[in-house]
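J.: Would you mind keeping the following structure in view while I ask a few things?
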Amino acid sequence: MRLSRYFLPVLKETPSEAQIVSHRLMLRAGMIRQEAAGIYAWLPLGFRVLKKVEQIVREEQERAGAVELLMPTLQLADLWRESGRYDAYGPEMLRILDRHEREMLYGPTNEEMITEIFRAYVKSYKSLPLNLFHIQWKFRDEQRPRFGVMRGREFLMKDAYSFDLDEAAARRAYNRMFVAYLNTFARMGLKAVPMRADTGPIGGDLSHEFIILADTGESQVFCHKDLVEMGAPGTEVDWDDLQAHVDQRTGLYAATEEMHDQARFEAEVPAEQRLSARGIEVGHIFYFGEKYSRPMKAVVAGPDGAERPVHMGSYGVGVSRLLGAIIEAGHDENGIVWPEAVAPFDIGLVNLRPGDAACDAACDHAYAALRAAGREVLYDDTDERPGGKFARMDLIGLPWQLVIGPKGLADGTVEIKRRSTGERHSASLESVLSRLAA
RNA sequence: CGGAGUGUGGCUCAGUCUGGUAGAGCACCGCGUUCGGGACGCGGGGGUCGCAGGUUCGAAUCCUGCCACUCCGACCA
């Protein structure tokens with residue numbers, strides 16, 4: 001993409017409403033624009049990252065056996081009356097009347113609708129297990145939206161819903177999502193720690209929040225240090241038996257502030273292994289059994305022919321929130337430092353002297369060669385001064401910067417800079433191109 | 001939803017206390033000089049000062065009401 005033809009409205013100064021670093025950097029890098037409290041337009045650069053994050057989430061859901069569909073944002077109130085949540089949800093739910101004065105709502109989540117879809121078609125245990133997911137915009141009318149996309153009112157969420165014949169099978173479904181989440185966040189360069197979460201009235205031990213450690217995180221968390229560096233199980237696992245991977249992690253202490261038990265923490269974790277830090281919740285998985293299937297009559301026939309409510313679980317990832325979390329975890333004083341997997345472009349190509357024949361020729365050659373190699377390149381062909389170009393490239397945080405200018409070309413060299421380390425090297429254009437194309 | 005604030009050009013803000021022809025820097029447009037880590041000169045465009053009432057000869061400024069947004073707290077992917 002040629003920058004002169006792109007839409008990248010970067011800001012030199014920080015808009016006054018932004019208090020945390022990810023919000024400031026997303027505004028300054030021209031990724032988002034606030035249209036109302038907690039409601040954002042995704043500008044081209046931010047949209048590219050959003051799509052990359054979404055795609056990683058999608059791929060790992062599918063790898064774990066979940067099947068994608070897409071449910072609407074608007075739902076009928078009557079559906080929510082079946083579960084009793086239309087009245088229970090409160091003012092966080094955005095309620096809408098259509099022209100026929102029919103009560104509708106902008107979905108904050110989709111348990112009711114997915115249960116309605118399931119019960120309409122699935123009648124036999126032979127169709128199980130089943131896990132359906134979608135990636136769709138949600139609206140929760142937060143009393144106090146803040147922190148940019150970290151706590152918006154409108155946000156993009158991946159929500160998956162599992163259906164199983166009994167609790168034992170539901171636990172296997174739960175484990176698949178547990179491992180899928182670890183793999184998902186690892187692919188984005190994040191160290192996510194699963195932490196025991198409140199299960200509410202259902203009880204049991206099947207609910208975990210996935211927390212990204214970041215100094216600017218919203219909540220205080222406590223865990224065994226080994227969990228942070230444990231890494232993800234990876235994709236070459238037995239998806240039908242993941243209990244050992246789950247046990248390895250749930251066996252170590254990890255709790256958010258509301259679930260924290262200091263006495264247990266000190267009893268279970270040696271002092272030098274105790275970690276107390278700030279964290280961001282990016283995922284939440286939950287087993288809730290028959291909570292919706294029973295009132296909404298989502299039943300299947302078992303092997304004995306008798307109908308029984310299915311056991312369900314739901315599994316959420318805050319896709320738009322993840323962008324904030326990734327930036328909180330990866331930035332420096334100059335701007336964003338994207339992990340390569342989600343960077344909006346792989347390479348920033350900087351032409352220091354557009355209009356100079358040698359510079360233009362070298363840049364055009366590099367641009368074509370890198371694109372032919374399948375790399376995504378943002379080519380800064382603007383006539384801005386070098387300092388501004390460097391600052392802008394550092395701000396938007398592409399993994400590599402290829403700098404071509406008249407002085408280097410006079411010696412037959414160009415400069416390559418790695419954003420994450422700040423390392424700069426000069427080399428011939430061809431050697432740099434072969435390295436970047438690999 | 002309780003508490004505290006802020007609304008002046010695209011952005012950051014001054015001006016409001018003490019009423020008198022709307023300002024600065026950045027950004028933008030034109031010309032020129034420049035060009036390897038956010039250049040400089042000259043010229044130029046852009047704002048019914050959040051909205052609605054009121055007071056006054058005269059309101060960005062004073063009064064009343066409303067709206068929006070931000071921050072601190074209680075709640076959430």
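A note on labels: chains of the structure tokens are A, B, ... as shown, every chain counts residues from 1, and ligands are counted from 1 in their shown order.
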Could you go through segment 148-372 of chain A and tell me which residues DSSP, when run on the backbone, assigns to helix (DSSP H, G or I), listing them as a ChimeraX atom specification?
T.: /A:148-150,167-187,200-202,225-228,243-250,257-259,262-268,271-273,319-329,357-372
J.: Generate the output file for the selected residues, C-alpha atoms, as a PDB file, in the first residue's frame.
T.:
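Generated file (result.pdb):
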ATOM      1  CA  GLY A 148     -10.849   2.878  24.493  1.00  0.00           C
ATOM      2  CA  VAL A 149     -11.607  -0.497  22.952  1.00  0.00           C
ATOM      3  CA  MET A 150     -10.784  -2.245  26.209  1.00  0.00           C
ATOM      4  CA  GLU A 167     -21.443 -33.254  32.079  1.00  0.00           C
ATOM      5  CA  ALA A 168     -18.517 -35.546  31.333  1.00  0.00           C
ATOM      6  CA  ALA A 169     -18.799 -34.825  27.619  1.00  0.00           C
ATOM      7  CA  ALA A 170     -19.277 -31.130  28.336  1.00  0.00           C
ATOM      8  CA  ARG A 171     -16.036 -31.174  30.273  1.00  0.00           C
ATOM      9  CA  ARG A 172     -14.231 -32.484  27.214  1.00  0.00           C
ATOM     10  CA  ALA A 173     -15.756 -29.648  25.178  1.00  0.00           C
ATOM     11  CA  TYR A 174     -14.634 -27.239  27.877  1.00  0.00           C
ATOM     12  CA  ASN A 175     -11.104 -28.594  27.747  1.00  0.00           C
ATOM     13  CA  ARG A 176     -10.976 -28.160  23.982  1.00  0.00           C
ATOM     14  CA  MET A 177     -11.811 -24.479  24.354  1.00  0.00           C
ATOM     15  CA  PHE A 178      -9.375 -24.164  27.245  1.00  0.00           C
ATOM     16  CA  VAL A 179      -6.515 -25.376  25.069  1.00  0.00           C
ATOM     17  CA  ALA A 180      -7.740 -23.500  21.990  1.00  0.00           C
ATOM     18  CA  TYR A 181      -7.631 -20.281  24.001  1.00  0.00           C
ATOM     19  CA  LEU A 182      -4.081 -20.876  25.166  1.00  0.00           C
ATOM     20  CA  ASN A 183      -3.018 -21.494  21.568  1.00  0.00           C
ATOM     21  CA  THR A 184      -4.948 -18.481  20.307  1.00  0.00           C
ATOM     22  CA  PHE A 185      -3.355 -15.997  22.672  1.00  0.00           C
ATOM     23  CA  ALA A 186       0.107 -17.502  22.209  1.00  0.00           C
ATOM     24  CA  ARG A 187      -0.151 -16.952  18.463  1.00  0.00           C
ATOM     25  CA  GLY A 200     -22.155 -18.016  40.085  1.00  0.00           C
ATOM     26  CA  PRO A 201     -25.282 -19.997  40.909  1.00  0.00           C
ATOM     27  CA  ILE A 202     -24.221 -23.000  38.796  1.00  0.00           C
ATOM     28  CA  LYS A 225       4.969 -17.697  38.405  1.00  0.00           C
ATOM     29  CA  ASP A 226       5.342 -20.928  36.461  1.00  0.00           C
ATOM     30  CA  LEU A 227       1.965 -20.343  34.829  1.00  0.00           C
ATOM     31  CA  VAL A 228       3.166 -17.219  33.062  1.00  0.00           C
ATOM     32  CA  GLN A 243      -7.237 -33.319  30.681  1.00  0.00           C
ATOM     33  CA  ALA A 244      -3.518 -33.533  31.404  1.00  0.00           C
ATOM     34  CA  HIS A 245      -2.861 -30.171  29.738  1.00  0.00           C
ATOM     35  CA  VAL A 246      -5.692 -28.579  31.678  1.00  0.00           C
ATOM     36  CA  ASP A 247      -4.702 -30.165  34.978  1.00  0.00           C
ATOM     37  CA  GLN A 248      -1.118 -29.015  34.549  1.00  0.00           C
ATOM     38  CA  ARG A 249      -2.374 -25.427  34.634  1.00  0.00           C
ATOM     39  CA  THR A 250      -5.357 -25.573  36.927  1.00  0.00           C
ATOM     40  CA  GLU A 257      -8.850 -10.274  43.011  1.00  0.00           C
ATOM     41  CA  GLU A 258     -12.472 -11.284  43.598  1.00  0.00           C
ATOM     42  CA  MET A 259     -11.565 -14.985  43.821  1.00  0.00           C
ATOM     43  CA  GLN A 262      -4.437 -14.880  50.455  1.00  0.00           C
ATOM     44  CA  ALA A 263      -4.112 -17.695  53.001  1.00  0.00           C
ATOM     45  CA  ARG A 264      -4.447 -20.337  50.305  1.00  0.00           C
ATOM     46  CA  PHE A 265      -2.061 -18.401  48.057  1.00  0.00           C
ATOM     47  CA  GLU A 266       0.626 -18.429  50.737  1.00  0.00           C
ATOM     48  CA  ALA A 267      -0.017 -22.067  51.624  1.00  0.00           C
ATOM     49  CA  GLU A 268       0.103 -23.360  48.061  1.00  0.00           C
ATOM     50  CA  ALA A 271       7.106 -17.077  48.468  1.00  0.00           C
ATOM     51  CA  GLU A 272       9.592 -16.738  45.599  1.00  0.00           C
ATOM     52  CA  GLN A 273       7.060 -18.170  43.142  1.00  0.00           C
ATOM     53  CA  VAL A 319     -11.664  -9.706  19.887  1.00  0.00           C
ATOM     54  CA  SER A 320     -11.680  -5.904  19.830  1.00  0.00           C
ATOM     55  CA  ARG A 321     -10.442  -5.783  23.415  1.00  0.00           C
ATOM     56  CA  LEU A 322      -7.493  -7.964  22.385  1.00  0.00           C
ATOM     57  CA  LEU A 323      -6.102  -5.093  20.320  1.00  0.00           C
ATOM     58  CA  GLY A 324      -5.898  -2.992  23.431  1.00  0.00           C
ATOM     59  CA  ALA A 325      -4.356  -5.869  25.370  1.00  0.00           C
ATOM     60  CA  ILE A 326      -1.758  -6.544  22.677  1.00  0.00           C
ATOM     61  CA  ILE A 327      -0.727  -2.880  22.681  1.00  0.00           C
ATOM     62  CA  GLU A 328      -0.650  -2.717  26.476  1.00  0.00           C
ATOM     63  CA  ALA A 329       1.690  -5.712  26.390  1.00  0.00           C
ATOM     64  CA  ALA A 357      15.312   9.049  -9.465  1.00  0.00           C
ATOM     65  CA  ALA A 358      17.657   6.593  -7.747  1.00  0.00           C
ATOM     66  CA  CYS A 359      15.562   6.519  -4.550  1.00  0.00           C
ATOM     67  CA  ASP A 360      12.322   6.070  -6.449  1.00  0.00           C
ATOM     68  CA  ALA A 361      13.771   3.288  -8.576  1.00  0.00           C
ATOM     69  CA  ALA A 362      15.210   1.409  -5.600  1.00  0.00           C
ATOM     70  CA  CYS A 363      11.980   1.784  -3.608  1.00  0.00           C
ATOM     71  CA  ASP A 364       9.767   0.733  -6.490  1.00  0.00           C
ATOM     72  CA  HIS A 365      11.956  -2.323  -6.972  1.00  0.00           C
ATOM     73  CA  ALA A 366      11.858  -3.196  -3.283  1.00  0.00           C
ATOM     74  CA  TYR A 367       8.109  -2.657  -3.107  1.00  0.00           C
ATOM     75  CA  ALA A 368       7.452  -4.950  -6.070  1.00  0.00           C
ATOM     76  CA  ALA A 369       9.875  -7.633  -4.898  1.00  0.00           C
ATOM     77  CA  LEU A 370       8.497  -7.779  -1.375  1.00  0.00           C
ATOM     78  CA  ARG A 371       4.909  -7.903  -2.550  1.00  0.00           C
ATOM     79  CA  ALA A 372       5.791 -10.632  -5.016  1.00  0.00           C
TER      80      ALA A 372
END
J.: Could you build a table of the residues in chain A lying no more than 7 Å from chain B, giving for each the nearest pair of atoms and their separation in Å rounded to one decimal place, using only C-alpha atoms (C1' of nucleotides), ordered by chain and ascending residue number, as a tab-separated table?
T.:
residue	atom	partner	partner_atom	distance
A:Glu13	CA	B:U12	C1'	6.4
A:Pro15	CA	B:C11	C1'	7.0
A:Glu17	CA	B:U70	C1'	5.8
A:Met157	CA	B:A77	C1'	6.5
A:Val282	CA	B:A77	C1'	6.6
A:Gly283	CA	B:A77	C1'	6.5
A:Gly316	CA	B:A77	C1'	6.2
A:Val317	CA	B:A77	C1'	5.9
A:Gly318	CA	B:A77	C1'	4.4
A:Arg385	CA	B:C35	C1'	6.1
A:Pro386	CA	B:G37	C1'	6.9
A:Gly387	CA	B:G37	C1'	4.4
A:Gly388	CA	B:G38	C1'	4.4
A:Phe390	CA	B:G37	C1'	6.2
A:Ala391	CA	B:G38	C1'	6.6
J.: For segment 53-62 of chain B, please output as a list in words all residues within 8 Å (counting only C-alpha atoms (C1' of nucleotides); exclusion window: fewer than 4 positions along the same chain).
T.: U8, U16, G19, G20 and C49 of chain B
J.: Hey, can you spit out that residue selection with all heavy atoms as a short mmCIF file (atom, residue, chain, number, x, y, z; two decimals), in the first residue's frame?
T.:
data_model
loop_
_atom_site.label_atom_id
_atom_site.label_comp_id
_atom_site.auth_asym_id
_atom_site.auth_seq_id
_atom_site.Cartn_x
_atom_site.Cartn_y
_atom_site.Cartn_z
P U B 8 -14.51 22.50 22.64
OP1 U B 8 -14.88 21.90 21.35
OP2 U B 8 -13.23 22.16 23.30
"O5'" U B 8 -14.57 24.08 22.50
"C5'" U B 8 -15.59 24.69 21.72
"C4'" U B 8 -15.10 25.98 21.14
"O4'" U B 8 -14.73 26.90 22.22
"C3'" U B 8 -13.83 25.90 20.32
"O3'" U B 8 -14.07 25.45 19.01
"C2'" U B 8 -13.34 27.33 20.37
"O2'" U B 8 -14.14 28.16 19.56
"C1'" U B 8 -13.63 27.69 21.83
N1 U B 8 -12.48 27.37 22.70
C2 U B 8 -11.42 28.25 22.71
O2 U B 8 -11.38 29.26 22.03
N3 U B 8 -10.39 27.91 23.55
C4 U B 8 -10.31 26.81 24.36
O4 U B 8 -9.32 26.63 25.05
C5 U B 8 -11.46 25.94 24.30
C6 U B 8 -12.47 26.25 23.49
P U B 16 -10.01 35.59 31.12
OP1 U B 16 -9.93 36.92 31.75
OP2 U B 16 -9.28 34.45 31.69
"O5'" U B 16 -11.53 35.17 31.01
"C5'" U B 16 -12.50 36.08 30.51
"C4'" U B 16 -13.89 35.58 30.79
"O4'" U B 16 -14.09 34.35 30.05
"C3'" U B 16 -14.17 35.25 32.25
"O3'" U B 16 -15.50 35.61 32.56
"C2'" U B 16 -14.01 33.73 32.31
"O2'" U B 16 -14.80 33.12 33.30
"C1'" U B 16 -14.50 33.32 30.92
N1 U B 16 -13.90 32.07 30.44
C2 U B 16 -14.74 31.02 30.15
O2 U B 16 -15.95 31.10 30.29
N3 U B 16 -14.14 29.89 29.69
C4 U B 16 -12.78 29.70 29.49
O4 U B 16 -12.38 28.62 29.06
C5 U B 16 -11.97 30.84 29.82
C6 U B 16 -12.53 31.95 30.27
P G B 19 -17.31 42.46 33.58
OP1 G B 19 -17.46 43.91 33.67
OP2 G B 19 -18.28 41.57 34.26
"O5'" G B 19 -17.32 42.05 32.04
"C5'" G B 19 -16.86 40.78 31.61
"C4'" G B 19 -17.21 40.59 30.15
"O4'" G B 19 -18.65 40.48 30.06
"C3'" G B 19 -16.81 41.77 29.27
"O3'" G B 19 -16.49 41.27 27.97
"C2'" G B 19 -18.09 42.60 29.20
"O2'" G B 19 -18.20 43.36 28.03
"C1'" G B 19 -19.16 41.50 29.24
N9 G B 19 -20.42 41.94 29.83
C8 G B 19 -20.62 42.42 31.08
N7 G B 19 -21.87 42.73 31.32
C5 G B 19 -22.53 42.42 30.13
C6 G B 19 -23.88 42.55 29.79
O6 G B 19 -24.81 42.96 30.48
N1 G B 19 -24.11 42.14 28.48
C2 G B 19 -23.17 41.66 27.63
N2 G B 19 -23.58 41.33 26.42
N3 G B 19 -21.88 41.53 27.93
C4 G B 19 -21.64 41.94 29.20
P G B 20 -15.13 41.72 27.23
OP1 G B 20 -14.61 40.51 26.55
OP2 G B 20 -14.31 42.48 28.17
"O5'" G B 20 -15.66 42.73 26.12
"C5'" G B 20 -16.40 42.25 25.00
"C4'" G B 20 -16.51 43.32 23.93
"O4'" G B 20 -17.49 44.32 24.34
"C3'" G B 20 -15.22 44.07 23.64
"O3'" G B 20 -15.23 44.45 22.27
"C2'" G B 20 -15.36 45.32 24.49
"O2'" G B 20 -14.64 46.41 24.01
"C1'" G B 20 -16.87 45.60 24.35
N9 G B 20 -17.47 46.35 25.46
C8 G B 20 -16.96 46.63 26.69
N7 G B 20 -17.78 47.30 27.45
C5 G B 20 -18.91 47.49 26.65
C6 G B 20 -20.13 48.15 26.90
O6 G B 20 -20.50 48.69 27.94
N1 G B 20 -20.99 48.10 25.82
C2 G B 20 -20.70 47.50 24.62
N2 G B 20 -21.65 47.56 23.69
N3 G B 20 -19.56 46.87 24.36
C4 G B 20 -18.72 46.92 25.41
P C B 49 -21.19 30.90 18.70
OP1 C B 49 -22.41 30.09 18.75
OP2 C B 49 -21.17 32.25 19.28
"O5'" C B 49 -20.02 30.09 19.41
"C5'" C B 49 -19.71 28.75 19.05
"C4'" C B 49 -18.63 28.24 19.97
"O4'" C B 49 -17.48 29.12 19.87
"C3'" C B 49 -19.02 28.22 21.45
"O3'" C B 49 -18.41 27.11 22.08
"C2'" C B 49 -18.46 29.53 21.98
"O2'" C B 49 -18.16 29.47 23.35
"C1'" C B 49 -17.17 29.64 21.15
N1 C B 49 -16.74 31.04 20.96
C2 C B 49 -15.60 31.49 21.64
O2 C B 49 -14.98 30.70 22.38
N3 C B 49 -15.20 32.76 21.47
C4 C B 49 -15.89 33.58 20.67
N4 C B 49 -15.45 34.82 20.53
C5 C B 49 -17.05 33.15 19.98
C6 C B 49 -17.44 31.89 20.15
#
J.: For the structure I just gave you, how does DSSP split segment 39-241 of chain A - specifically, which residues are strand (DSSP E or B)? Reply as an MDAnalysis selection string.
T.: chainID A and resid 39:42 67:68 74:76 94:97 103:106 124 130:139 146 151 154:164 192:196 207:213 219:224
J.: What is the distance between atom CA of Phe222 of chain A and atom CA of Ala192 of chain A, in Å to one decimal?
T.: 13.2 Å
J.: Hey, which of A:Ile212, A:Ala306, A:Ile285, A:Val269 ends up closest to Glu229 of chain A? Count only C-alpha atoms.
T.: A:Ile212
J.: Considering only C-alpha atoms, can you say which of A:Ser4, A:Ser207, A:Gln143, A:Thr235 comes closest to Arg63 of chain A?
T.: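 The closest residue to Arg63 of chain A is A:Thr235.
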J.: Could you work out how far atom C1' of A74 of chain B lies from atom CA of Arg146 of chain A, giving the answer in Å with one decimal?
T.: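 Calculated distance between atom CA of Arg146 of chain A and atom C1' of A74 of chain B is 14.8 Å.
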